[in-house]
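Novice: Contents of input-v2.txt (compact mmCIF, C-alpha atoms) are below:
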```
# COMPACT_ATOMS: atom_id res chain seq x y z
CA MET A 1 9.29 -24.62 3.06
CA GLY A 2 10.29 -27.38 5.33
CA GLY A 3 11.54 -30.58 3.74
CA ALA A 4 12.85 -33.64 5.53
CA GLY A 5 15.26 -32.48 8.16
CA GLY A 6 14.47 -28.83 7.35
CA PRO A 7 13.04 -26.08 9.58
CA ASP A 8 9.47 -26.25 10.78
CA ARG A 9 7.21 -25.29 7.82
CA HIS A 10 4.89 -23.41 10.15
CA ALA A 11 7.56 -21.69 12.27
CA LEU A 12 6.16 -18.39 10.97
CA SER A 13 2.44 -18.63 11.62
CA PRO A 14 -0.07 -16.14 10.18
CA GLY A 15 -0.82 -14.80 13.64
CA ARG A 16 2.84 -14.21 14.29
CA ILE A 17 3.26 -12.44 10.96
CA ARG A 18 0.35 -10.07 11.57
CA ASN A 19 1.41 -9.29 15.14
CA SER A 20 5.10 -8.95 14.26
CA ARG A 21 6.77 -5.56 14.19
CA LEU A 22 8.12 -6.73 10.84
CA VAL A 23 4.66 -5.99 9.48
CA LYS A 24 3.65 -2.90 11.38
CA GLY A 25 5.89 -0.36 13.00
CA PRO A 26 5.51 3.01 14.69
CA ALA A 27 4.31 5.90 12.59
CA LEU A 28 7.08 7.50 10.57
CA VAL A 29 5.21 10.74 10.08
CA ASN A 30 3.15 13.08 12.22
CA ARG A 31 2.24 15.90 9.86
CA PRO A 32 2.55 16.54 6.11
CA PRO A 33 5.10 19.15 4.99
CA GLU A 34 4.03 22.78 4.94
CA ASP A 35 3.83 23.02 1.15
CA SER A 36 1.44 20.06 0.97
CA ARG A 37 -0.75 21.60 3.68
CA LYS A 38 -1.07 24.72 1.53
CA ASP A 39 -2.27 22.56 -1.35
CA GLN A 40 -4.76 20.85 0.94
CA ARG A 41 -6.30 24.14 2.03
CA LYS A 42 -7.22 24.78 -1.59
CA ASN A 43 -9.34 21.61 -1.51
CA HIS A 44 -10.84 22.40 1.89
CA ARG A 45 -14.35 21.07 2.45
CA LYS A 46 -16.74 21.83 5.25
CA PRO A 47 -15.47 20.21 8.47
CA ASP A 48 -18.76 18.56 9.49
CA GLU A 49 -17.98 15.32 7.66
CA LEU A 50 -16.40 12.01 8.64
CA VAL A 51 -13.61 10.13 6.90
CA VAL A 52 -12.51 6.55 7.65
CA VAL A 53 -8.87 5.52 7.08
CA SER A 54 -7.97 1.90 7.80
CA GLY A 55 -4.40 0.92 8.61
CA ALA A 56 -3.75 4.38 10.05
CA SER A 57 -1.21 3.45 12.71
CA SER A 58 1.85 4.15 10.55
CA GLY A 59 3.22 5.03 7.13
CA ILE A 60 0.80 5.98 4.36
CA GLY A 61 -2.30 5.55 6.54
CA ALA A 62 -1.02 7.81 9.30
CA ALA A 63 0.08 10.44 6.78
CA THR A 64 -3.29 10.33 5.00
CA ALA A 65 -5.17 10.70 8.27
CA CYS A 66 -3.06 13.72 9.21
CA ALA A 67 -3.53 15.35 5.81
CA LEU A 68 -7.31 14.89 5.89
CA ALA A 69 -7.51 16.23 9.45
CA GLU A 70 -5.58 19.30 8.31
CA MET A 71 -8.31 19.84 5.71
CA GLY A 72 -10.93 19.96 8.44
CA TYR A 73 -12.38 16.45 8.30
CA HIS A 74 -12.97 14.34 11.38
CA VAL A 75 -10.91 11.22 10.70
CA LEU A 76 -11.80 7.85 12.20
CA ALA A 77 -8.33 6.30 12.11
CA GLY A 78 -8.24 2.52 12.22
CA VAL A 79 -5.64 1.05 14.60
CA ARG A 80 -5.25 -2.31 16.29
CA THR A 81 -3.70 -1.56 19.70
CA ASP A 82 -3.99 0.98 22.51
CA SER A 83 -0.40 2.12 21.95
CA GLU A 84 -1.14 2.80 18.28
CA ALA A 85 -4.25 4.74 19.30
CA ASP A 86 -2.21 6.93 21.65
CA ALA A 87 0.33 7.58 18.89
CA VAL A 88 -2.17 8.79 16.27
CA ARG A 89 -4.70 10.62 18.48
CA ALA A 90 -4.70 14.32 17.59
CA ASP A 91 -6.98 17.23 16.80
CA GLY A 92 -9.36 15.94 14.13
CA ILE A 93 -8.10 12.34 14.42
CA GLU A 94 -10.11 9.86 16.49
CA PRO A 95 -8.52 6.41 16.73
CA VAL A 96 -10.90 3.46 16.46
CA THR A 97 -10.03 -0.17 17.08
CA LEU A 98 -10.20 -1.75 13.64
CA ASP A 99 -8.74 -5.05 12.54
CA ILE A 100 -10.59 -5.31 9.25
CA THR A 101 -10.58 -9.12 9.44
CA VAL A 102 -12.55 -9.07 12.72
CA PRO A 103 -16.31 -8.78 12.06
CA HIS A 104 -17.23 -7.16 15.37
CA HIS A 105 -14.62 -4.42 14.79
CA VAL A 106 -16.27 -3.61 11.45
CA GLU A 107 -19.71 -3.68 13.09
CA ALA A 108 -18.51 -1.32 15.81
CA LEU A 109 -17.16 1.10 13.20
CA ALA A 110 -20.54 1.18 11.46
CA ARG A 111 -22.29 1.85 14.79
CA ARG A 112 -19.84 4.67 15.54
CA ILE A 113 -20.76 6.34 12.24
CA ALA A 114 -24.50 5.76 12.66
CA ASP A 115 -24.46 7.11 16.23
CA ASP A 116 -22.20 10.08 15.54
CA PRO A 117 -23.15 12.69 18.17
CA GLU A 118 -22.99 15.50 15.59
CA GLN A 119 -24.80 13.47 12.90
CA ARG A 120 -21.97 14.01 10.45
CA ALA A 121 -22.07 12.27 7.09
CA LEU A 122 -19.41 9.80 6.00
CA ARG A 123 -17.66 11.49 3.08
CA VAL A 124 -14.74 9.16 2.26
CA LEU A 125 -13.57 5.62 3.02
CA VAL A 126 -9.84 5.07 2.48
CA ASN A 127 -9.06 1.34 2.41
CA ASN A 128 -5.38 1.36 3.25
CA ALA A 129 -4.77 -1.51 5.71
CA GLY A 130 -2.44 -4.18 4.41
CA ILE A 131 0.37 -6.64 5.04
CA GLU A 132 3.23 -7.72 2.80
CA ILE A 133 4.74 -11.22 3.06
CA ASN A 134 7.08 -11.95 0.15
CA ALA A 135 8.48 -15.33 -0.83
CA PRO A 136 8.51 -17.44 -4.00
CA VAL A 137 5.15 -18.90 -5.05
CA GLU A 138 6.35 -22.46 -4.45
CA ALA A 139 7.87 -21.75 -1.04
CA LEU A 140 5.30 -19.52 0.67
CA PRO A 141 2.99 -21.66 2.89
CA LEU A 142 -0.68 -21.56 1.92
CA ALA A 143 -1.56 -20.25 5.38
CA LEU A 144 0.43 -17.08 4.59
CA TRP A 145 -1.16 -16.80 1.14
CA ARG A 146 -4.58 -16.91 2.79
CA GLU A 147 -3.52 -14.44 5.49
CA GLN A 148 -2.60 -11.82 2.89
CA PHE A 149 -5.87 -12.27 1.00
CA GLU A 150 -7.84 -12.00 4.27
CA VAL A 151 -6.25 -8.64 5.07
CA ASN A 152 -5.52 -7.13 1.66
CA LEU A 153 -8.77 -8.12 -0.06
CA PHE A 154 -11.53 -9.72 2.01
CA GLY A 155 -11.10 -7.31 4.92
CA HIS A 156 -11.58 -4.35 2.59
CA ILE A 157 -14.64 -5.94 1.02
CA ALA A 158 -16.12 -6.45 4.50
CA VAL A 159 -15.65 -2.76 5.33
CA ILE A 160 -17.05 -1.65 1.96
CA GLN A 161 -20.15 -3.82 2.37
CA LYS A 162 -20.82 -2.41 5.82
CA LEU A 163 -20.20 1.27 5.01
CA LEU A 164 -21.71 1.57 1.52
CA PRO A 165 -25.16 2.56 2.86
CA PHE A 166 -23.59 5.60 4.55
CA LEU A 167 -21.70 6.53 1.38
CA ARG A 168 -24.84 6.26 -0.74
CA ARG A 169 -26.59 8.73 1.52
CA SER A 170 -23.71 11.20 1.33
CA ARG A 171 -22.84 10.46 -2.32
CA GLY A 172 -19.35 9.84 -1.02
CA ARG A 173 -16.18 8.19 -2.23
CA ILE A 174 -14.18 4.99 -1.75
CA VAL A 175 -10.40 5.20 -2.21
CA ASN A 176 -8.74 1.79 -2.47
CA ILE A 177 -4.99 1.76 -1.95
CA SER A 178 -3.62 -0.79 -4.39
CA SER A 179 0.00 -0.96 -5.57
CA VAL A 180 2.19 -0.99 -8.64
CA GLY A 181 2.15 -4.70 -7.77
CA GLY A 182 -1.52 -4.73 -8.72
CA VAL A 183 -0.49 -4.18 -12.34
CA ALA A 184 3.03 -5.68 -12.57
CA ALA A 185 4.05 -8.61 -10.37
CA LEU A 186 7.72 -8.76 -9.41
CA PRO A 187 9.42 -12.07 -8.67
CA VAL A 188 8.95 -13.14 -5.02
CA PHE A 189 5.92 -10.80 -4.71
CA GLY A 190 3.38 -13.30 -6.08
CA ALA A 191 1.03 -13.50 -3.10
CA TYR A 192 1.09 -9.77 -2.32
CA ALA A 193 0.65 -8.88 -6.00
CA GLY A 194 -2.19 -11.40 -6.25
CA THR A 195 -4.11 -9.58 -3.53
CA LYS A 196 -3.59 -6.24 -5.28
CA PHE A 197 -4.60 -7.57 -8.71
CA ALA A 198 -7.78 -8.84 -7.08
CA LEU A 199 -8.40 -5.49 -5.37
CA GLU A 200 -7.99 -3.73 -8.73
CA ALA A 201 -10.59 -6.01 -10.34
CA ALA A 202 -13.02 -5.66 -7.44
CA SER A 203 -12.61 -1.88 -7.61
CA ASP A 204 -13.46 -1.83 -11.30
CA SER A 205 -16.61 -3.88 -10.75
CA LEU A 206 -17.62 -1.81 -7.74
CA ARG A 207 -17.10 1.49 -9.59
CA ARG A 208 -19.41 0.31 -12.39
CA GLU A 209 -22.00 -0.95 -9.89
CA VAL A 210 -22.31 2.13 -7.67
CA SER A 211 -21.70 5.05 -10.02
CA ALA A 212 -25.45 5.30 -10.65
CA HIS A 213 -25.92 5.67 -6.87
CA GLY A 214 -23.61 8.69 -6.74
CA VAL A 215 -20.71 6.83 -5.10
CA GLN A 216 -17.26 7.22 -6.64
CA VAL A 217 -14.55 4.54 -6.50
CA VAL A 218 -10.91 5.51 -7.01
CA VAL A 219 -7.78 3.33 -7.03
CA VAL A 220 -4.39 4.65 -5.92
CA GLN A 221 -1.35 2.69 -7.11
CA PRO A 222 1.74 3.50 -5.02
CA GLY A 223 5.18 2.38 -6.05
CA GLY A 224 7.96 2.44 -3.50
CA VAL A 225 7.08 4.54 -0.46
CA ARG A 226 9.35 4.95 2.56
CA THR A 227 7.39 3.31 5.35
CA GLU A 228 8.26 1.07 8.25
CA MET A 229 6.38 -1.84 6.67
CA ALA A 230 8.24 -1.50 3.36
CA ALA A 231 11.60 -1.18 5.08
CA ARG A 232 11.05 -4.28 7.19
CA SER A 233 9.49 -6.46 4.52
CA GLY A 234 12.99 -7.32 3.35
CA ASP A 235 13.91 -8.61 6.80
CA LEU A 236 10.76 -10.71 6.79
CA SER A 237 11.63 -12.17 3.37
CA LEU A 238 15.07 -13.15 4.66
CA GLU A 239 13.52 -14.73 7.74
CA LEU A 240 11.15 -16.73 5.56
CA ALA A 241 14.07 -17.76 3.35
CA ALA A 242 15.97 -19.06 6.37
CA ALA A 243 12.97 -21.26 7.21
CA MET A 244 12.77 -22.76 3.72
CA SER A 245 13.81 -26.32 2.93
CA THR A 246 17.34 -26.95 1.71
CA GLU A 247 16.03 -27.54 -1.80
CA HIS A 248 14.09 -24.25 -1.86
CA GLN A 249 17.06 -22.37 -0.48
CA HIS A 250 19.20 -23.77 -3.31
CA LEU A 251 16.55 -22.87 -5.91
CA TYR A 252 15.52 -19.43 -4.66
CA GLY A 253 18.04 -18.18 -2.09
CA HIS A 254 20.02 -16.01 -4.54
CA LEU A 255 16.83 -14.61 -6.05
CA ILE A 256 15.47 -13.60 -2.63
CA ASN A 257 18.77 -11.98 -1.63
CA ALA A 258 18.97 -10.06 -4.91
CA THR A 259 15.35 -8.91 -4.62
CA VAL A 260 15.78 -7.69 -1.04
CA ALA A 261 19.01 -5.86 -1.94
CA SER A 262 17.43 -4.15 -4.95
CA ASN A 263 14.33 -3.06 -3.06
CA THR A 264 16.38 -1.81 -0.11
CA ALA A 265 18.52 0.32 -2.44
CA PHE A 266 15.46 1.74 -4.18
CA LEU A 267 13.72 2.65 -0.91
CA GLU A 268 16.59 5.01 -0.10
CA ARG A 269 15.10 7.39 -2.68
CA ALA A 270 11.47 6.33 -2.62
CA LEU A 271 8.54 8.69 -2.05
CA PRO A 272 8.24 9.85 1.59
CA ALA A 273 5.10 8.70 3.37
CA ALA A 274 4.09 12.31 4.09
CA LYS A 275 3.99 13.16 0.37
CA ALA A 276 2.08 9.99 -0.41
CA GLY A 277 -0.49 10.79 2.27
CA ALA A 278 -0.88 14.36 1.05
CA LYS A 279 -1.60 13.17 -2.50
CA ILE A 280 -4.09 10.55 -1.31
CA ALA A 281 -5.89 13.26 0.65
CA ARG A 282 -6.15 15.35 -2.52
CA VAL A 283 -7.41 12.34 -4.47
CA ALA A 284 -10.00 11.73 -1.75
CA THR A 285 -11.37 15.27 -1.99
CA THR A 286 -10.87 16.48 -5.55
CA PRO A 287 -14.25 17.26 -7.15
CA ARG A 288 -13.81 15.16 -10.32
CA PRO A 289 -11.41 12.28 -9.62
CA ARG A 290 -9.94 9.95 -12.19
CA ALA A 291 -10.48 6.21 -11.81
CA ARG A 292 -6.76 5.65 -11.03
CA TYR A 293 -3.75 7.56 -9.77
CA THR A 294 -0.11 6.50 -9.49
CA LEU A 295 2.21 7.46 -6.65
CA GLY A 296 5.96 7.66 -7.20
CA THR A 297 8.28 7.65 -10.18
CA ASP A 298 8.57 3.86 -10.37
CA ALA A 299 4.80 3.43 -10.61
CA ALA A 300 4.57 6.21 -13.21
CA PHE A 301 7.21 4.43 -15.30
CA ILE A 302 6.24 0.77 -14.93
CA ILE A 303 2.44 0.92 -15.11
CA PRO A 304 2.23 2.57 -18.58
CA LEU A 305 4.75 0.03 -19.90
CA THR A 306 2.43 -2.86 -19.01
CA ARG A 307 -0.16 -1.45 -21.45
CA PHE A 308 2.14 -1.45 -24.46
CA LEU A 309 4.98 -3.95 -24.06
CA PRO A 310 4.64 -7.70 -24.67
CA SER A 311 4.78 -9.95 -21.62
CA ARG A 312 8.21 -11.39 -22.41
CA LEU A 313 9.74 -7.93 -22.59
CA MET A 314 8.08 -6.95 -19.31
CA ASP A 315 9.51 -10.14 -17.80
CA ALA A 316 13.00 -9.02 -18.81
CA ILE A 317 12.52 -5.51 -17.42
CA LEU A 318 11.03 -6.58 -14.10
CA THR A 319 13.59 -9.32 -13.45
CA MET A 320 16.60 -7.27 -14.58
CA SER A 321 17.71 -6.22 -11.11
CA HIS A 322 16.51 -9.41 -9.41
CA ARG A 323 18.47 -11.94 -11.48
CA PRO A 324 21.14 -13.65 -9.36
CA ARG A 325 24.68 -13.05 -10.59
CA LYS A 326 28.06 -14.33 -9.55
CA PRO A 327 29.97 -11.71 -7.54
CA LYS A 328 32.69 -11.34 -10.19
CA THR A 329 30.13 -10.21 -12.78
CA HIS A 330 28.65 -7.44 -10.62
CA PRO A 331 29.20 -3.92 -11.93
CA ARG A 332 30.94 -1.64 -9.51
CA PRO A 333 28.19 0.11 -7.45
CA ARG A 334 27.94 3.85 -7.78
CA PRO A 335 28.08 5.60 -4.40
CA GLY A 336 25.34 8.13 -3.83
CA PRO A 337 24.69 10.74 -1.12
CA GLN A 338 26.06 9.77 2.29
CA GLY A 339 27.81 6.82 0.67
CA VAL A 340 24.57 4.90 -0.12
CA LEU A 341 25.13 2.35 -2.91
CA HIS A 342 22.54 2.72 -5.63
CA ASP A 343 21.03 0.03 -7.82
CA PRO A 344 21.63 0.91 -11.52
CA LEU A 345 18.11 -0.23 -12.50
CA ALA A 346 16.64 1.94 -9.75
CA ASP A 347 18.57 4.87 -11.25
CA ARG A 348 17.01 4.21 -14.65
CA ILE A 349 13.52 3.83 -13.22
CA GLU A 350 13.88 7.11 -11.32
CA LEU A 351 15.06 8.89 -14.48
CA MET A 352 12.18 7.49 -16.54
CA GLY A 353 9.79 8.45 -13.77
CA ARG A 354 10.96 12.05 -14.04
CA TYR A 355 10.10 11.97 -17.74
CA ALA A 356 6.71 10.56 -16.75
CA ASP A 357 6.25 13.51 -14.39
CA ILE A 358 6.96 15.92 -17.25
CA ALA A 359 4.53 14.05 -19.50
CA GLY A 360 1.80 14.26 -16.86
CA LEU A 361 1.60 10.50 -16.25
CA ASN A 362 2.27 10.92 -12.52
CA ASP A 363 -0.40 13.55 -11.75
```
Could you render the structure from this file as structure tokens?

Specialist:
Amino acid sequence: MGGAGGPDRHALSPGRIRNSRLVKGPALVNRPPEDSRKDQRKNHRKPDELVVVSGASSGIGAATACALAEMGYHVLAGVRTDSEADAVRADGIEPVTLDITVPHHVEALARRIADDPEQRALRVLVNNAGIEINAPVEALPLALWREQFEVNLFGHIAVIQKLLPFLRRSRGRIVNISSVGGVAALPVFGAYAGTKFALEAASDSLRREVSAHGVQVVVVQPGGVRTEMAARSGDLSLELAAAMSTEHQHLYGHLINATVASNTAFLERALPAAKAGAKIARVATTPRPRARYTLGTDAAFIIPLTRFLPSRLMDAILTMSHRPRKPKTHPRPRPGPQGVLHDPLADRIELMGRYADIAGLND
């Protein structure tokens, strides 16, 4: 980004990215649907236990906090601003100021748990906070690479290190929210996927280190989920593209536009945040959890493929809908409900995901 005569390379600073509404938006969900609440009651645990959910101001985090509160847990919901705290505060949900990259916020969270007036145990830590800044590997400034690793990896490690003593005492559980991008990296998603690959590896090591202490570590791998952050990440990619040098725009502009268009089309039918949160709550409380769970049809389809297909074939599959094409070669889009134009590859992924549901791969 930023060649001679081009836009300022640092026009989008890390601080601006993290404070931008392109990264975090208002909560899209207040309560899970009624059918998911019935499922949650089956997994009901005694209500005298604490749960921590980071990144709980919107989307998956807010939905997970609501679902766990419905089960009877007292949820310490991590938010970054007073307005976010007011939005999530509810019966069973106590907002706490928590930017996981700020050490004194993490320290304060540990003190809140240690000094709990009812001496409740910490049962579950859900590491959900995250940011998504997508641009080609060559064009994304190193400051924004580092910013994503600070939030999506090192911040979670800081929280884990501080709260593990509480989880050892309760024989509790850590749920790390990864991504399909932690297994299969799409073009333009290199930095974000890198943070999720690293979180997957750290989770594996941690699980093998603490299992003897009675602490369980579970990874959840969401695919596309309808959240404010996911919806606006495309706008952020286009803004970053506009700030690239002329050379980078020539090299990558069509790829970025195709990627944003494909992801926007897929999100029209992606998993609602409320359903994602309800499943994460069940994962957090099921008696005998698996090491990994997928969320969504795209994750259920793509992740098993990575185990069996050679890398070159996976390259072809994952770049199929992101390859720039001249307008005259575009197939005619198929209109969907309410006139929404659907991406043909997204149609195929959704269909294969349904087969994965039948086969039990998306449990």

Novice: Please identify all polymer residues lying at most 9 Å from the point (-9.4, -2.3, 15.6) (file coordinates), using only C-alpha atoms, and present the result as an MDAnalysis selection string.

Specialist: chainID A and resid 54 78:81 95:100 102 105:106 109

Novice: Just the number, please: distance in Å from atom CA of Leu167 of chain A to atom CA of Gly296 of chain A, one decimal.

Specialist: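 If I compute the distance from atom CA of Leu167 of chain A to atom CA of Gly296 of chain A, I get 29.0 Å.
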
Novice: Atom CA of Lys279 of chain A and atom CA of Pro187 of chain A are how many Å apart?

Specialist: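 We find that atom CA of Lys279 of chain A and atom CA of Pro187 of chain A lie 28.2 Å from each other.
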
Novice: For segment 303-307 of chain A, work out the shell of residues within 9 Å, counting all atoms listed in the file and skipping chain neighbours fewer than 3 positions away, then give it as a list in words.

Specialist: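 The filter keeps Val180, Val183, Ala184, Thr294, Asp298, Ala299, Ala300, Pro310, Ser311, Met314 and Leu361 of chain A.
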
Novice: Closest to Gly130 of chain A among A:Val210, A:Leu153, A:Val159, A:Ala201, using only C-alpha atoms?

Specialist: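 For Gly130 of chain A, the nearest of the candidates is A:Leu153.
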
Novice: Suppose you want the space between atom CA of Phe308 of chain A and atom CA of Tyr293 of chain A; what is it in Å?

Specialist: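 Result for atom CA of Phe308 of chain A versus atom CA of Tyr293 of chain A: 18.2 Å, one decimal.
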
Novice: Please list as a list in words every residue within 12 Å of Leu164 of chain A, counting only C-alpha atoms and excluding residues in the same chain fewer than 3 positions away.

Specialist: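 What passes the distance filter is Ala110, Ile113, Leu122, Arg123, Val124, Leu125, His156, Ile157, Ala158, Val159, Ile160, Gln161, Leu167, Arg168, Arg169, Ser170, Arg171, Gly172, Arg173, Ile174, Leu206, Glu209, Val210, His213, Gly214, Val215, Gln216 and Val217 of chain A.
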
Novice: Please return, as a list in words, all polymer residues that have at least one atom within 7 Å of the point (2.9, 2.5, -4.3); use only C-alpha atoms and the file's own coordinate frame.

Specialist: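 The distance filter leaves exactly Ser179, Val180, Gln221, Pro222, Gly223, Gly224, Val225, Leu295, Gly296 and Ala299 of chain A.
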
Novice: Just checking: using all atoms listed in the file, which residue out of A:Ala193, A:Glu138, A:His74, A:Glu200 ends up closest to Leu251 of chain A?

Specialist: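 Looking only at the distances to Leu251 of chain A, the closest residue turns out to be A:Glu138.
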
Novice: List as a list in words the protein and nucleic acid residues near Ser57 of chain A, meaning an atom at most 10 Å away when all atoms listed in the file are counted, but skip any in the same chain fewer than 3 places from it.

Specialist: Lys24, Gly25, Pro26, Ala27, Leu28, Val53, Ser54, Ile60, Gly61, Ala62, Ala63, Ala65, Ala77, Gly78, Val79, Arg80, Thr81, Ser83, Glu84, Ala85, Asp86, Ala87, Val88, Arg89, Pro95 and Ala129 of chain A

Novice: If you keep C-alpha atoms, can you produce a file of those selected residues as a short mmCIF file (atom, residue, chain, number, x, y, z; two decimals), in the coordinates of the input?

Specialist:
```cif
data_model
loop_
_atom_site.label_atom_id
_atom_site.label_comp_id
_atom_site.auth_asym_id
_atom_site.auth_seq_id
_atom_site.Cartn_x
_atom_site.Cartn_y
_atom_site.Cartn_z
CA LYS A 24 3.65 -2.90 11.38
CA GLY A 25 5.89 -0.36 13.00
CA PRO A 26 5.51 3.01 14.69
CA ALA A 27 4.31 5.90 12.59
CA LEU A 28 7.08 7.50 10.57
CA VAL A 53 -8.87 5.52 7.08
CA SER A 54 -7.97 1.90 7.80
CA ILE A 60 0.80 5.98 4.36
CA GLY A 61 -2.30 5.55 6.54
CA ALA A 62 -1.02 7.81 9.30
CA ALA A 63 0.08 10.44 6.78
CA ALA A 65 -5.17 10.70 8.27
CA ALA A 77 -8.33 6.30 12.11
CA GLY A 78 -8.24 2.52 12.22
CA VAL A 79 -5.64 1.05 14.60
CA ARG A 80 -5.25 -2.31 16.29
CA THR A 81 -3.70 -1.56 19.70
CA SER A 83 -0.40 2.12 21.95
CA GLU A 84 -1.14 2.80 18.28
CA ALA A 85 -4.25 4.74 19.30
CA ASP A 86 -2.21 6.93 21.65
CA ALA A 87 0.33 7.58 18.89
CA VAL A 88 -2.17 8.79 16.27
CA ARG A 89 -4.70 10.62 18.48
CA PRO A 95 -8.52 6.41 16.73
CA ALA A 129 -4.77 -1.51 5.71
#
```
